[in-house]
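Trainee: So here's model-v7.cif (mmCIF, C-alpha atoms).
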```cif
data_model
loop_
_atom_site.label_atom_id
_atom_site.label_comp_id
_atom_site.auth_asym_id
_atom_site.auth_seq_id
_atom_site.Cartn_x
_atom_site.Cartn_y
_atom_site.Cartn_z
CA MET E 44 1.62 40.73 -5.72
CA GLU E 45 -1.84 42.30 -6.05
CA VAL E 46 -4.60 40.54 -4.13
CA LYS E 47 -7.95 40.33 -5.88
CA PRO E 48 -10.99 41.99 -4.24
CA GLY E 49 -12.58 39.99 -1.44
CA TYR E 50 -9.30 38.32 -0.46
CA LYS E 51 -6.38 39.15 1.85
CA GLN E 52 -2.76 38.15 2.23
CA THR E 53 -1.87 36.16 5.38
CA GLU E 54 0.98 34.01 6.68
CA VAL E 55 -0.72 30.94 5.13
CA GLY E 56 -1.29 32.64 1.79
CA VAL E 57 -4.18 34.50 0.18
CA ILE E 58 -7.56 33.70 1.75
CA PRO E 59 -11.08 35.20 1.63
CA GLU E 60 -11.49 38.32 3.78
CA GLU E 61 -13.98 36.68 6.17
CA TRP E 62 -11.64 33.75 6.84
CA ASP E 63 -9.04 33.64 9.63
CA ALA E 64 -5.48 32.33 9.58
CA ILE E 65 -4.73 31.30 13.14
CA PRO E 66 -3.02 28.58 15.23
CA LEU E 67 -5.37 26.03 16.80
CA LYS E 68 -3.95 26.45 20.30
CA GLY E 69 -6.76 27.17 22.76
CA LYS E 70 -9.44 26.21 20.25
CA VAL E 71 -8.55 22.52 19.87
CA GLY E 72 -7.13 19.96 22.28
CA ILE E 73 -4.90 17.01 21.33
CA ALA E 74 -4.30 14.34 23.98
CA HIS E 75 -1.60 11.66 24.07
CA GLY E 76 -2.57 7.99 24.02
CA PHE E 77 -1.80 5.32 26.60
CA ALA E 78 1.14 2.88 26.54
CA PHE E 79 -0.75 -0.40 26.66
CA ALA E 80 1.40 -3.25 27.97
CA SER E 81 2.49 -5.73 25.32
CA GLU E 82 1.99 -8.74 27.60
CA HIS E 83 -1.76 -8.20 27.20
CA PHE E 84 -1.68 -8.17 23.38
CA ALA E 85 -3.66 -11.00 21.78
CA SER E 86 -4.97 -12.27 18.45
CA HIS E 87 -8.56 -11.80 19.65
CA GLY E 88 -10.18 -9.88 22.48
CA PRO E 89 -12.71 -7.25 23.52
CA TYR E 90 -10.53 -4.29 22.46
CA ARG E 91 -8.58 -3.43 19.33
CA LEU E 92 -5.42 -1.31 19.48
CA ALA E 93 -5.45 1.69 17.16
CA THR E 94 -1.95 2.12 15.71
CA PRO E 95 -0.19 4.29 13.10
CA GLY E 96 -0.71 1.35 10.74
CA HIS E 97 -4.43 2.16 10.64
CA PHE E 98 -3.79 5.43 8.78
CA TYR E 99 -3.68 5.91 5.06
CA GLU E 100 -0.78 8.23 4.22
CA ALA E 101 -3.19 10.71 2.64
CA GLY E 102 -5.45 10.46 5.69
CA GLY E 103 -8.36 8.25 6.67
CA PHE E 104 -8.78 5.06 8.66
CA ARG E 105 -8.12 1.61 7.19
CA ASP E 106 -8.77 -1.93 8.32
CA ILE E 107 -5.44 -3.74 8.76
CA GLY E 108 -6.96 -7.23 8.69
CA GLU E 109 -4.79 -9.99 10.10
CA LYS E 110 -2.28 -7.47 11.42
CA GLN E 111 -4.85 -6.15 13.91
CA LYS E 112 -3.67 -6.41 17.53
CA TYR E 113 -6.18 -6.96 20.31
CA TYR E 114 -5.91 -6.19 24.02
CA VAL E 115 -7.14 -8.29 26.93
CA GLY E 116 -5.72 -6.35 29.89
CA PRO E 117 -7.21 -3.63 32.11
CA VAL E 118 -8.20 -0.47 30.22
CA PRO E 119 -8.48 3.07 31.63
CA SER E 120 -11.91 4.35 30.59
CA ASP E 121 -10.50 7.60 29.18
CA TYR E 122 -8.60 5.64 26.52
CA VAL E 123 -11.51 3.87 24.82
CA LEU E 124 -12.17 5.62 21.50
CA GLN E 125 -15.71 6.27 20.31
CA PRO E 126 -17.00 6.05 16.70
CA GLY E 127 -16.46 9.46 15.12
CA ASP E 128 -13.49 10.38 17.30
CA VAL E 129 -10.61 12.00 15.41
CA ILE E 130 -7.08 10.69 15.86
CA VAL E 131 -3.82 11.96 14.39
CA ALA E 132 -0.54 10.08 13.83
CA MET E 133 2.26 11.65 15.84
CA THR E 134 5.01 9.31 14.62
CA GLU E 135 6.09 8.48 11.08
CA GLN E 136 5.80 4.71 10.90
CA ALA E 137 5.83 5.02 7.10
CA ASP E 138 6.93 7.78 4.73
CA GLY E 139 4.40 10.60 4.63
CA LEU E 140 2.36 9.27 7.55
CA LEU E 141 3.25 11.97 10.10
CA GLY E 142 0.26 14.19 10.90
CA SER E 143 -2.26 11.99 9.09
CA ALA E 144 -5.75 12.25 10.60
CA ALA E 145 -8.61 9.75 10.63
CA LEU E 146 -12.11 9.24 11.99
CA ILE E 147 -12.68 6.16 14.15
CA PRO E 148 -15.16 3.90 12.30
CA GLU E 149 -18.50 2.64 13.58
CA GLU E 150 -16.99 -0.49 15.13
CA ASN E 151 -16.69 -0.18 18.91
CA GLY E 152 -13.70 -1.12 20.99
CA TYR E 153 -10.70 0.75 19.53
CA LEU E 154 -8.17 1.89 22.13
CA HIS E 155 -6.34 5.22 22.16
CA ASN E 156 -2.80 3.90 21.89
CA GLN E 157 0.47 5.77 22.40
CA ARG E 158 1.91 7.74 19.45
CA LEU E 159 -1.61 8.82 18.51
CA GLY E 160 -3.26 12.12 19.36
CA ARG E 161 -6.99 12.31 20.16
CA VAL E 162 -8.47 15.55 18.86
CA THR E 163 -11.24 17.46 20.66
CA VAL E 164 -12.77 20.79 19.70
CA LEU E 165 -12.81 23.43 22.48
CA SER E 166 -14.39 26.25 20.46
CA SER E 167 -17.79 26.64 18.82
CA GLU E 168 -15.96 28.29 15.90
CA ILE E 169 -14.57 24.98 14.63
CA GLN E 170 -16.26 21.99 12.98
CA LEU E 171 -14.43 18.75 13.80
CA ASP E 172 -15.14 17.14 10.39
CA TYR E 173 -13.63 20.16 8.64
CA LEU E 174 -10.55 19.93 10.84
CA VAL E 175 -9.82 16.38 9.61
CA TYR E 176 -9.44 17.69 6.04
CA VAL E 177 -7.25 20.57 7.24
CA PHE E 178 -4.94 18.10 9.00
CA ASN E 179 -4.75 15.99 5.83
CA SER E 180 -4.09 18.91 3.48
CA PRO E 181 -0.63 19.04 1.85
CA SER E 182 0.15 22.50 3.29
CA TYR E 183 -0.56 21.46 6.89
CA ARG E 184 1.30 18.17 6.55
CA THR E 185 4.33 20.01 5.16
CA LYS E 186 4.39 22.23 8.25
CA VAL E 187 4.05 19.17 10.51
CA ARG E 188 7.13 17.61 8.93
CA GLU E 189 9.11 20.88 9.06
CA THR E 190 8.53 21.18 12.81
CA ALA E 191 8.99 17.48 13.63
CA ALA E 192 11.85 16.08 15.70
CA GLY E 193 13.90 12.93 15.22
CA THR E 194 16.37 11.68 12.64
CA LYS E 195 15.54 8.09 11.69
CA VAL E 196 11.89 8.28 12.80
CA LYS E 197 10.15 11.65 12.76
CA HIS E 198 7.69 12.50 15.52
CA THR E 199 5.63 15.47 16.61
CA SER E 200 3.65 16.55 19.69
CA PRO E 201 0.26 18.09 20.47
CA GLU E 202 1.99 21.40 21.24
CA LYS E 203 3.70 21.54 17.85
CA LEU E 204 0.55 20.56 15.98
CA LEU E 205 -1.47 23.29 17.68
CA GLU E 206 1.11 25.99 16.91
CA ILE E 207 0.64 25.60 13.14
CA SER E 208 -1.60 28.28 11.61
CA VAL E 209 -4.57 27.03 9.61
CA ARG E 210 -7.17 28.59 7.30
CA LEU E 211 -10.46 28.88 9.15
CA PRO E 212 -13.63 29.93 7.30
CA PRO E 213 -16.89 30.76 9.11
CA LEU E 214 -18.67 27.74 10.60
CA PRO E 215 -21.36 27.36 7.87
CA GLU E 216 -18.66 27.26 5.19
CA GLN E 217 -16.64 24.74 7.22
CA ARG E 218 -19.71 22.48 7.26
CA ALA E 219 -20.28 22.90 3.52
CA ILE E 220 -16.63 22.07 2.72
CA ALA E 221 -16.66 19.04 5.03
CA THR E 222 -19.89 17.77 3.46
CA ALA E 223 -18.57 18.10 -0.11
CA LEU E 224 -15.34 16.29 0.71
CA SER E 225 -17.19 13.68 2.75
CA ASP E 226 -19.29 12.86 -0.32
CA VAL E 227 -16.09 12.09 -2.25
CA ASP E 228 -14.88 9.98 0.68
CA GLY E 229 -18.14 8.07 0.37
CA LEU E 230 -17.33 7.33 -3.28
CA LEU E 231 -13.84 6.19 -2.29
CA GLY E 232 -15.27 3.96 0.44
CA GLY E 233 -17.65 2.37 -2.05
CA LEU E 234 -14.79 1.70 -4.46
CA ASP E 235 -12.69 0.25 -1.63
CA ARG E 236 -15.51 -2.19 -0.85
CA LEU E 237 -15.91 -3.16 -4.51
CA ILE E 238 -12.16 -3.74 -4.81
CA ALA E 239 -12.14 -5.87 -1.65
CA LYS E 240 -15.07 -7.90 -2.98
CA GLN E 241 -13.36 -8.41 -6.36
CA ARG E 242 -10.18 -9.53 -4.62
CA ASP E 243 -12.15 -12.01 -2.54
CA LEU E 244 -13.86 -13.34 -5.67
CA LYS E 245 -10.51 -13.82 -7.38
CA GLN E 246 -9.04 -15.57 -4.35
CA ALA E 247 -12.02 -17.93 -4.30
CA ALA E 248 -11.66 -18.58 -8.05
CA MET E 249 -7.93 -19.27 -7.63
CA GLN E 250 -8.62 -21.71 -4.79
CA GLN E 251 -11.10 -23.63 -6.93
CA LEU E 252 -9.42 -23.50 -10.35
CA LEU E 253 -5.74 -23.83 -9.45
CA THR E 254 -6.33 -26.93 -7.32
CA GLY E 255 -8.71 -28.72 -9.70
CA GLN E 256 -11.59 -28.57 -7.21
CA THR E 257 -13.61 -26.89 -9.98
CA ARG E 258 -12.96 -27.72 -13.63
CA LEU E 259 -13.80 -25.40 -16.51
CA PRO E 260 -16.28 -26.81 -19.06
CA GLY E 261 -14.77 -29.28 -21.50
CA PHE E 262 -11.73 -30.27 -19.42
CA HIS E 263 -11.23 -33.67 -17.84
CA GLY E 264 -8.40 -36.01 -16.93
CA GLU E 265 -5.73 -36.21 -14.28
CA TRP E 266 -3.29 -33.47 -13.34
CA GLU E 267 0.46 -34.09 -13.13
CA VAL E 268 2.80 -33.23 -10.26
CA LYS E 269 6.10 -31.72 -11.34
CA THR E 270 8.92 -29.84 -9.62
CA ILE E 271 9.82 -26.35 -10.75
CA PHE E 272 13.22 -27.54 -11.95
CA ASP E 273 11.55 -30.32 -13.97
CA LEU E 274 9.44 -27.66 -15.68
CA ALA E 275 12.70 -25.93 -16.59
CA GLU E 276 13.81 -29.21 -18.21
CA ARG E 277 16.48 -29.30 -15.50
CA LYS E 278 18.46 -26.71 -17.47
CA LYS E 279 20.24 -23.79 -15.79
CA GLU E 280 19.57 -21.49 -18.76
CA ARG E 281 15.85 -21.95 -18.09
CA PHE E 282 16.10 -21.54 -14.31
CA ASP E 283 18.82 -19.13 -13.24
CA ASP E 284 19.35 -16.20 -10.90
CA GLY E 285 19.89 -12.61 -11.87
CA ASP E 286 23.27 -10.94 -11.49
CA TRP E 287 25.27 -9.78 -8.47
CA ILE E 288 24.67 -6.08 -9.01
CA GLU E 289 25.94 -3.88 -6.20
CA SER E 290 25.44 -0.18 -5.50
CA GLU E 291 28.53 0.95 -7.47
CA HIS E 292 26.98 -0.50 -10.63
CA ILE E 293 23.70 1.41 -10.30
CA THR E 294 23.05 4.68 -12.12
CA THR E 295 20.15 6.79 -13.44
CA GLU E 296 20.34 5.79 -17.10
CA GLY E 297 21.73 2.96 -19.18
CA ILE E 298 20.51 -0.63 -18.93
CA ARG E 299 17.33 -1.05 -16.91
CA LEU E 300 17.58 -2.89 -13.59
CA ILE E 301 14.61 -4.82 -12.23
CA GLN E 302 14.85 -5.17 -8.44
CA THR E 303 12.94 -7.24 -5.89
CA GLY E 304 10.63 -4.29 -5.21
CA ASN E 305 9.42 -4.43 -8.81
CA ILE E 306 8.01 -7.91 -8.29
CA GLY E 307 4.58 -7.90 -6.73
CA VAL E 308 2.27 -10.81 -5.98
CA GLY E 309 1.27 -11.88 -9.47
CA ARG E 310 2.06 -8.55 -11.08
CA TYR E 311 4.92 -6.32 -12.13
CA VAL E 312 5.17 -3.13 -10.04
CA GLU E 313 6.71 -0.05 -11.65
CA LYS E 314 8.42 2.33 -9.26
CA GLU E 315 8.57 6.09 -9.60
CA GLU E 316 12.36 6.00 -9.30
CA LYS E 317 13.75 3.66 -11.96
CA LYS E 318 17.19 2.09 -11.56
CA TYR E 319 19.77 1.35 -14.27
CA ILE E 320 23.30 -0.06 -14.51
CA TYR E 321 26.29 1.16 -16.48
CA GLU E 322 27.11 -0.31 -19.88
CA ALA E 323 30.54 -1.22 -18.51
CA SER E 324 28.93 -3.08 -15.59
CA PHE E 325 26.69 -5.01 -17.98
CA THR E 326 29.78 -6.15 -19.85
CA SER E 327 32.08 -6.85 -16.89
CA LEU E 328 29.42 -8.77 -14.94
CA ARG E 329 28.34 -10.67 -18.06
CA CYS E 330 24.74 -9.91 -17.17
CA LYS E 331 21.86 -12.05 -18.33
CA GLN E 332 19.41 -10.03 -20.41
CA LEU E 333 15.72 -10.41 -19.60
CA ARG E 334 13.07 -10.98 -22.24
CA GLN E 335 9.41 -10.04 -22.31
CA GLY E 336 7.40 -13.00 -21.01
CA ASP E 337 10.07 -14.16 -18.54
CA LEU E 338 8.65 -15.42 -15.26
CA LEU E 339 10.48 -13.65 -12.43
CA ILE E 340 10.42 -15.23 -8.96
CA CYS E 341 11.63 -13.23 -5.98
CA ARG E 342 13.53 -15.42 -3.51
CA LEU E 343 13.60 -12.68 -0.85
CA ALA E 344 10.75 -11.87 1.53
CA ASP E 345 8.24 -10.32 1.85
CA PRO E 346 6.79 -12.70 0.80
CA ALA E 347 9.49 -14.92 -0.65
CA GLY E 348 8.28 -16.78 -3.74
CA ARG E 349 6.14 -13.99 -5.19
CA ALA E 350 6.33 -13.88 -8.97
CA CYS E 351 5.22 -12.03 -12.08
CA VAL E 352 5.48 -12.30 -15.83
CA LEU E 353 7.65 -9.52 -17.26
CA THR E 354 5.53 -7.32 -19.50
CA ASP E 355 6.64 -4.73 -22.04
CA ILE E 356 8.04 -1.95 -19.83
CA GLY E 357 9.40 0.12 -22.70
CA GLU E 358 13.07 -0.71 -22.17
CA GLU E 359 15.43 -2.13 -24.81
CA ARG E 360 17.71 -4.04 -22.41
CA ILE E 361 16.79 -5.26 -18.94
CA VAL E 362 18.68 -7.11 -16.21
CA THR E 363 17.74 -8.20 -12.70
CA SER E 364 19.36 -8.78 -9.32
CA VAL E 365 20.67 -12.00 -7.79
CA ASP E 366 17.66 -12.48 -5.47
CA VAL E 367 15.40 -12.87 -8.51
CA THR E 368 15.20 -16.20 -10.34
CA ILE E 369 14.57 -16.06 -14.09
CA PHE E 370 12.24 -18.94 -15.00
CA ARG E 371 11.70 -19.85 -18.67
CA PRO E 372 9.64 -23.05 -18.86
CA PRO E 373 8.98 -24.09 -22.47
CA PRO E 374 5.47 -23.12 -23.70
CA GLU E 375 4.65 -26.70 -24.68
CA MET E 376 4.95 -27.65 -20.98
CA THR E 377 3.18 -24.82 -19.21
CA ASN E 378 1.46 -21.44 -19.44
CA ARG E 379 3.51 -18.80 -17.59
CA LEU E 380 0.48 -16.74 -16.55
CA PHE E 381 -0.98 -19.88 -15.02
CA LEU E 382 2.24 -20.38 -13.07
CA SER E 383 2.24 -16.75 -11.96
CA ASN E 384 -1.17 -17.35 -10.38
CA VAL E 385 -0.04 -20.59 -8.76
CA PHE E 386 2.87 -18.62 -7.30
CA SER E 387 0.37 -16.20 -5.73
CA THR E 388 -1.53 -18.69 -3.57
CA PRO E 389 -1.29 -19.08 0.22
CA GLU E 390 -0.30 -22.73 -0.27
CA TRP E 391 2.66 -21.74 -2.42
CA PHE E 392 3.84 -19.09 0.03
CA ARG E 393 3.62 -21.56 2.92
CA ALA E 394 5.70 -24.09 0.98
CA VAL E 395 8.32 -21.43 0.18
CA SER E 396 8.38 -20.16 3.77
CA ASP E 397 8.91 -23.69 5.12
CA ARG E 398 12.05 -23.95 2.99
CA SER E 399 13.35 -20.43 3.59
CA GLY E 400 16.28 -19.59 5.84
CA GLY E 401 17.86 -16.54 7.42
CA THR E 402 17.14 -14.46 10.49
CA THR E 403 17.08 -10.79 9.51
CA HIS E 404 16.19 -11.40 5.85
CA LYS E 405 14.27 -14.57 4.99
CA ARG E 406 15.10 -16.04 1.58
CA ILE E 407 14.82 -19.32 -0.26
CA SER E 408 17.73 -20.76 -2.23
CA ARG E 409 17.29 -21.40 -5.93
CA GLY E 410 17.94 -25.11 -5.33
CA ALA E 411 15.18 -25.33 -2.72
CA LEU E 412 12.86 -23.35 -4.98
CA GLY E 413 13.52 -25.75 -7.84
CA ARG E 414 12.63 -28.77 -5.68
CA LEU E 415 9.13 -27.46 -4.90
CA ALA E 416 6.39 -29.44 -6.63
CA ILE E 417 3.07 -28.20 -8.03
CA LYS E 418 0.02 -29.79 -9.66
CA LEU E 419 -0.47 -29.06 -13.35
CA PRO E 420 -3.33 -29.71 -15.76
CA PRO E 421 -2.64 -30.03 -19.51
CA VAL E 422 -1.50 -26.78 -21.18
CA PRO E 423 -4.92 -26.01 -22.83
CA GLU E 424 -6.59 -26.11 -19.40
CA GLN E 425 -3.79 -24.03 -17.89
CA THR E 426 -4.35 -21.43 -20.61
CA ALA E 427 -8.13 -21.39 -20.06
CA ILE E 428 -7.68 -20.95 -16.29
CA ALA E 429 -5.12 -18.17 -16.86
CA GLU E 430 -7.57 -16.36 -19.17
CA VAL E 431 -10.36 -16.46 -16.55
CA LEU E 432 -8.07 -15.10 -13.83
CA THR E 433 -6.58 -12.48 -16.19
CA GLU E 434 -10.09 -11.17 -16.92
CA MET E 435 -10.71 -10.87 -13.18
CA ASP E 436 -7.40 -9.01 -12.82
CA ALA E 437 -8.49 -6.59 -15.57
CA GLU E 438 -11.75 -5.86 -13.72
CA LEU E 439 -9.79 -5.28 -10.52
CA ALA E 440 -7.32 -3.00 -12.30
CA GLY E 441 -10.24 -0.99 -13.71
CA LEU E 442 -11.68 -0.47 -10.24
CA GLU E 443 -8.28 0.52 -8.86
CA GLN E 444 -7.86 3.02 -11.70
CA ARG E 445 -11.27 4.55 -10.88
CA ARG E 446 -10.21 4.80 -7.25
CA GLU E 447 -6.98 6.59 -8.18
CA LYS E 448 -8.89 9.08 -10.35
CA THR E 449 -11.34 9.70 -7.48
CA ARG E 450 -8.44 10.26 -5.08
CA ALA E 451 -6.92 12.76 -7.52
CA LEU E 452 -10.31 14.52 -7.73
CA LYS E 453 -10.47 14.73 -3.95
CA GLN E 454 -6.97 16.23 -3.77
CA ALA E 455 -7.92 18.85 -6.36
CA MET E 456 -11.12 19.66 -4.44
CA MET E 457 -9.20 20.00 -1.18
CA GLN E 458 -6.75 22.38 -2.83
CA GLU E 459 -9.61 24.56 -4.09
CA LEU E 460 -11.98 24.44 -1.10
CA LEU E 461 -9.50 24.57 1.79
CA THR E 462 -7.74 27.63 0.36
CA GLY E 463 -10.93 29.54 -0.48
CA ARG E 464 -10.16 29.64 -4.21
CA THR E 465 -13.53 28.01 -4.80
CA ARG E 466 -16.38 29.03 -2.50
CA LEU E 467 -19.43 26.94 -1.63
CA ILE E 468 -21.19 29.74 0.27
#
```
Would you mind writing the structure in this file as structure tokens?
Mentor:
Amino acid sequence: MEVKPGYKQTEVGVIPEEWDAIPLKGKVGIAHGFAFASEHFASHGPYRLATPGHFYEAGGFRDIGEKQKYYVGPVPSDYVLQPGDVIVAMTEQADGLLGSAALIPEENGYLHNQRLGRVTVLSSEIQLDYLVYVFNSPSYRTKVRETAAGTKVKHTSPEKLLEISVRLPPLPEQRAIATALSDVDGLLGGLDRLIAKQRDLKQAAMQQLLTGQTRLPGFHGEWEVKTIFDLAERKKERFDDGDWIESEHITTEGIRLIQTGNIGVGRYVEKEEKKYIYEASFTSLRCKQLRQGDLLICRLADPAGRACVLTDIGEERIVTSVDVTIFRPPPEMTNRLFLSNVFSTPEWFRAVSDRSGGTTHKRISRGALGRLAIKLPPVPEQTAIAEVLTEMDAELAGLEQRREKTRALKQAMMQELLTGRTRLI
């Protein structure tokens, strides 16, 4: 294939003539972390453990909230990370995580834990900020996975990471590329903060409105306490489980199967890989057919009790699995969107967890689920509350959509800038 003027063919593809395609060995160092003893882990403390869970799969550092582990034991000074340090995931705790790179945020006190590599630049030819985007580029991450070891859990090493050839422009162009991509990261960070704020606002609104602590204008009177089974008029056809669908019934086309993974907290989650069952299985199992507007409650963690209202997903016939309860309370008794929000509160999840059993897989029985009681205002107030919370969900969805578009823009920019197809200098 003919290479256009100003470019050259290399082992990593066509790049500008003044760029190099070289391994990072000798120019970059990657050091292993320390195996901090678990007996010193705590819920609070002076140090936070950095873990593979802190990485986004596409790269970047994230706050893991309540899952954060702290450390109260002795700490070797060489294993305290500084703001701006670059770390790379050397084990695949989640699909696509291997090789992900991130900058340590401004907060002090993160520890360089095992399974993470700490990156240092040994050559004046390399800009560290640029290197983060190289590590997180699809081409580099593909090479990381190709050279990784392990069967169930993939892992790599500093030596393997440094043997991979990368595209290396002159230093001024590295800085320009890093700055451009950093600006997009700034937009993503701003959207992340807006989304977090909107989620907090909705949680506060749910706490006030779903408990009756705050009443919407025009509504008064006492709320009733009813069990879930009472709301189903104590009828099995209004409160029943899905069908016992096993792997031999599942196929790639036919009658759509909704699984536990499709049920998020208060929302339906569409998966990239859709599952179906055979027509013959539908008949032989005498499957119950779902309807738009059904309230689906997942009895299996995590968390058990999460629920969503089934929307129009573009399928003619739909069934679900046995760990999903199909709840059809009559509209004159309750608003299903209101219930979906009630089934998304911490109080609800605690009540479900208290009545769940099992060791490996926690689940609640349909009978126990039906005996749970909730407070209900009259249907008009339920509807008004559901409308307020639905509007907040729409605002949140809009922000999340903007974030996804910005992420797609960043990926397109990385593809152009890190290959030299588009030049900034």
Trainee: I need the residue set behind the PyMOL selection byres ((chain E and resi 70) around 8) for this file; please write it as a ChimeraX atom specification.
Mentor: /E:67-69,71-72,164-166,169
Trainee: Take the residues from that selection and put them in a file with C-alpha atoms, as a PDB file, keeping the file's coordinate frame.
Mentor:
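Output saved as result-v6.pdb:
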```pdb
ATOM      1  CA  LEU E  67      -5.370  26.030  16.800  1.00  0.00           C
ATOM      2  CA  LYS E  68      -3.950  26.450  20.300  1.00  0.00           C
ATOM      3  CA  GLY E  69      -6.760  27.170  22.760  1.00  0.00           C
ATOM      4  CA  VAL E  71      -8.550  22.520  19.870  1.00  0.00           C
ATOM      5  CA  GLY E  72      -7.130  19.960  22.280  1.00  0.00           C
ATOM      6  CA  VAL E 164     -12.770  20.790  19.700  1.00  0.00           C
ATOM      7  CA  LEU E 165     -12.810  23.430  22.480  1.00  0.00           C
ATOM      8  CA  SER E 166     -14.390  26.250  20.460  1.00  0.00           C
ATOM      9  CA  ILE E 169     -14.570  24.980  14.630  1.00  0.00           C
TER      10      ILE E 169
END
```
Trainee: Written as an NGL selection string, which residues does the PyMOL selection byres ((chain E and resi 265) around 12) give for the file shown?
Mentor: :E and (254-256 or 258 or 262-264 or 266-268 or 418-421 or 424)
Trainee: Could you tell me which residues the PyMOL selection byres ((chain E and resi 78) around 6) grabs in this file, written as a PyMOL selection string?
Mentor: chain E and resi 77+79+157
Trainee: Store the residues picked out above in a file with C-alpha atoms, as a compact mmCIF listing (two decimals), in the frame of the given file.
Mentor:
```
# COMPACT_ATOMS: atom_id res chain seq x y z
CA PHE E 77 -1.80 5.32 26.60
CA PHE E 79 -0.75 -0.40 26.66
CA GLN E 157 0.47 5.77 22.40
```
Trainee: Could you pull the residues within 6 Å of Ser364 of chain E, counting all atoms listed in the file, minus those fewer than 3 positions along the same chain, as a list in words?
Mentor: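 Neighbouring residues, sequence-local ones excluded: Gly285, Asp286, Ile288, Gln302 and Val367 of chain E.
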Trainee: Need the shell around Glu168 of chain E: protein/DNA/RNA residues with any atom at most 8 Å away, counting only C-alpha atoms. Skip same-chain ones fewer than 2 positions apart. Format as a PDB file with C-alpha atoms, in the coordinates of the input?
Mentor:
```pdb
ATOM      1  CA  SER E 166     -14.390  26.250  20.460  1.00  0.00           C
ATOM      2  CA  GLN E 170     -16.260  21.990  12.980  1.00  0.00           C
ATOM      3  CA  PRO E 213     -16.890  30.760   9.110  1.00  0.00           C
ATOM      4  CA  LEU E 214     -18.670  27.740  10.600  1.00  0.00           C
TER       5      LEU E 214
END
```
Trainee: Tell me which protein, DNA and RNA residues are within 8 Å of segment 442-453 of chain E, counting all atoms listed in the file, leaving out same-chain ones fewer than 2 positions away, and put them as a ChimeraX atom specification.
Mentor: /E:224,227-228,230-231,234-235,237-238,438-440,455-457
Trainee: Would you please work out which residue, of E:Gly56, E:Pro95, E:Pro212, E:Pro89, is nearest to Tyr153 of chain E when using only C-alpha atoms?
Mentor: E:Pro89
Trainee: Between atom CA of Ala344 of chain E and atom CA of Arg277 of chain E, what is the distance, to one decimal in Å?
Mentor: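 Separation between atom CA of Ala344 of chain E and atom CA of Arg277 of chain E: 25.0 Å.
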Trainee: Would you please work out which residue, of E:Gly76, E:Gly103, E:Gly116, E:Gly96, is nearest to Asp138 of chain E when using only C-alpha atoms?
Mentor: E:Gly96
Trainee: Of the candidates E:Pro423, E:Pro59, E:Gly400, E:Gly307, which shows the shortest atom-to-atom distance to Gly261 of chain E, using all atoms listed in the file?
Mentor: E:Pro423
Trainee: Could you give me, as a PDB file with C-alpha atoms, keeping the file's coordinate frame, the residues within 9 Å of segment 320-335 of chain E, counting only C-alpha atoms and dropping anything in the same chain fewer than 3 positions from it?
Mentor:
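This is the output file out_34.pdb:
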```
ATOM      1  CA  ASP E 284      19.350 -16.200 -10.900  1.00  0.00           C
ATOM      2  CA  GLY E 285      19.890 -12.610 -11.870  1.00  0.00           C
ATOM      3  CA  ASP E 286      23.270 -10.940 -11.490  1.00  0.00           C
ATOM      4  CA  TRP E 287      25.270  -9.780  -8.470  1.00  0.00           C
ATOM      5  CA  ILE E 288      24.670  -6.080  -9.010  1.00  0.00           C
ATOM      6  CA  GLU E 291      28.530   0.950  -7.470  1.00  0.00           C
ATOM      7  CA  HIS E 292      26.980  -0.500 -10.630  1.00  0.00           C
ATOM      8  CA  ILE E 293      23.700   1.410 -10.300  1.00  0.00           C
ATOM      9  CA  THR E 294      23.050   4.680 -12.120  1.00  0.00           C
ATOM     10  CA  THR E 295      20.150   6.790 -13.440  1.00  0.00           C
ATOM     11  CA  GLU E 296      20.340   5.790 -17.100  1.00  0.00           C
ATOM     12  CA  GLY E 297      21.730   2.960 -19.180  1.00  0.00           C
ATOM     13  CA  ILE E 298      20.510  -0.630 -18.930  1.00  0.00           C
ATOM     14  CA  ARG E 299      17.330  -1.050 -16.910  1.00  0.00           C
ATOM     15  CA  LEU E 300      17.580  -2.890 -13.590  1.00  0.00           C
ATOM     16  CA  LEU E 338       8.650 -15.420 -15.260  1.00  0.00           C
ATOM     17  CA  VAL E 352       5.480 -12.300 -15.830  1.00  0.00           C
ATOM     18  CA  LEU E 353       7.650  -9.520 -17.260  1.00  0.00           C
ATOM     19  CA  THR E 354       5.530  -7.320 -19.500  1.00  0.00           C
ATOM     20  CA  ASP E 355       6.640  -4.730 -22.040  1.00  0.00           C
ATOM     21  CA  ILE E 356       8.040  -1.950 -19.830  1.00  0.00           C
ATOM     22  CA  ARG E 360      17.710  -4.040 -22.410  1.00  0.00           C
ATOM     23  CA  ILE E 361      16.790  -5.260 -18.940  1.00  0.00           C
ATOM     24  CA  VAL E 362      18.680  -7.110 -16.210  1.00  0.00           C
ATOM     25  CA  THR E 363      17.740  -8.200 -12.700  1.00  0.00           C
ATOM     26  CA  ILE E 369      14.570 -16.060 -14.090  1.00  0.00           C
TER      27      ILE E 369
END
```
Trainee: Pick out the residues sitting within 10 Å of segment 180-187 of chain E, and hand them over as a list of chain:residue names; count all atoms listed in the file, and ignore anything fewer than 6 positions along from it in its own chain.
Mentor: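 Using all atoms listed in the file, the neighbours found are E:Val55, E:Ala101, E:Gly102, E:Met133, E:Gly139, E:Leu140, E:Leu141, E:Gly142, E:Ser143, E:Ala144, E:Leu174, E:Lys197, E:His198, E:Thr199, E:Ser200, E:Lys203, E:Leu204, E:Leu205, E:Glu206, E:Ile207, E:Ser208, E:Val209, E:Arg210, E:Gln454, E:Met457, E:Gln458, E:Leu461, E:Thr462.
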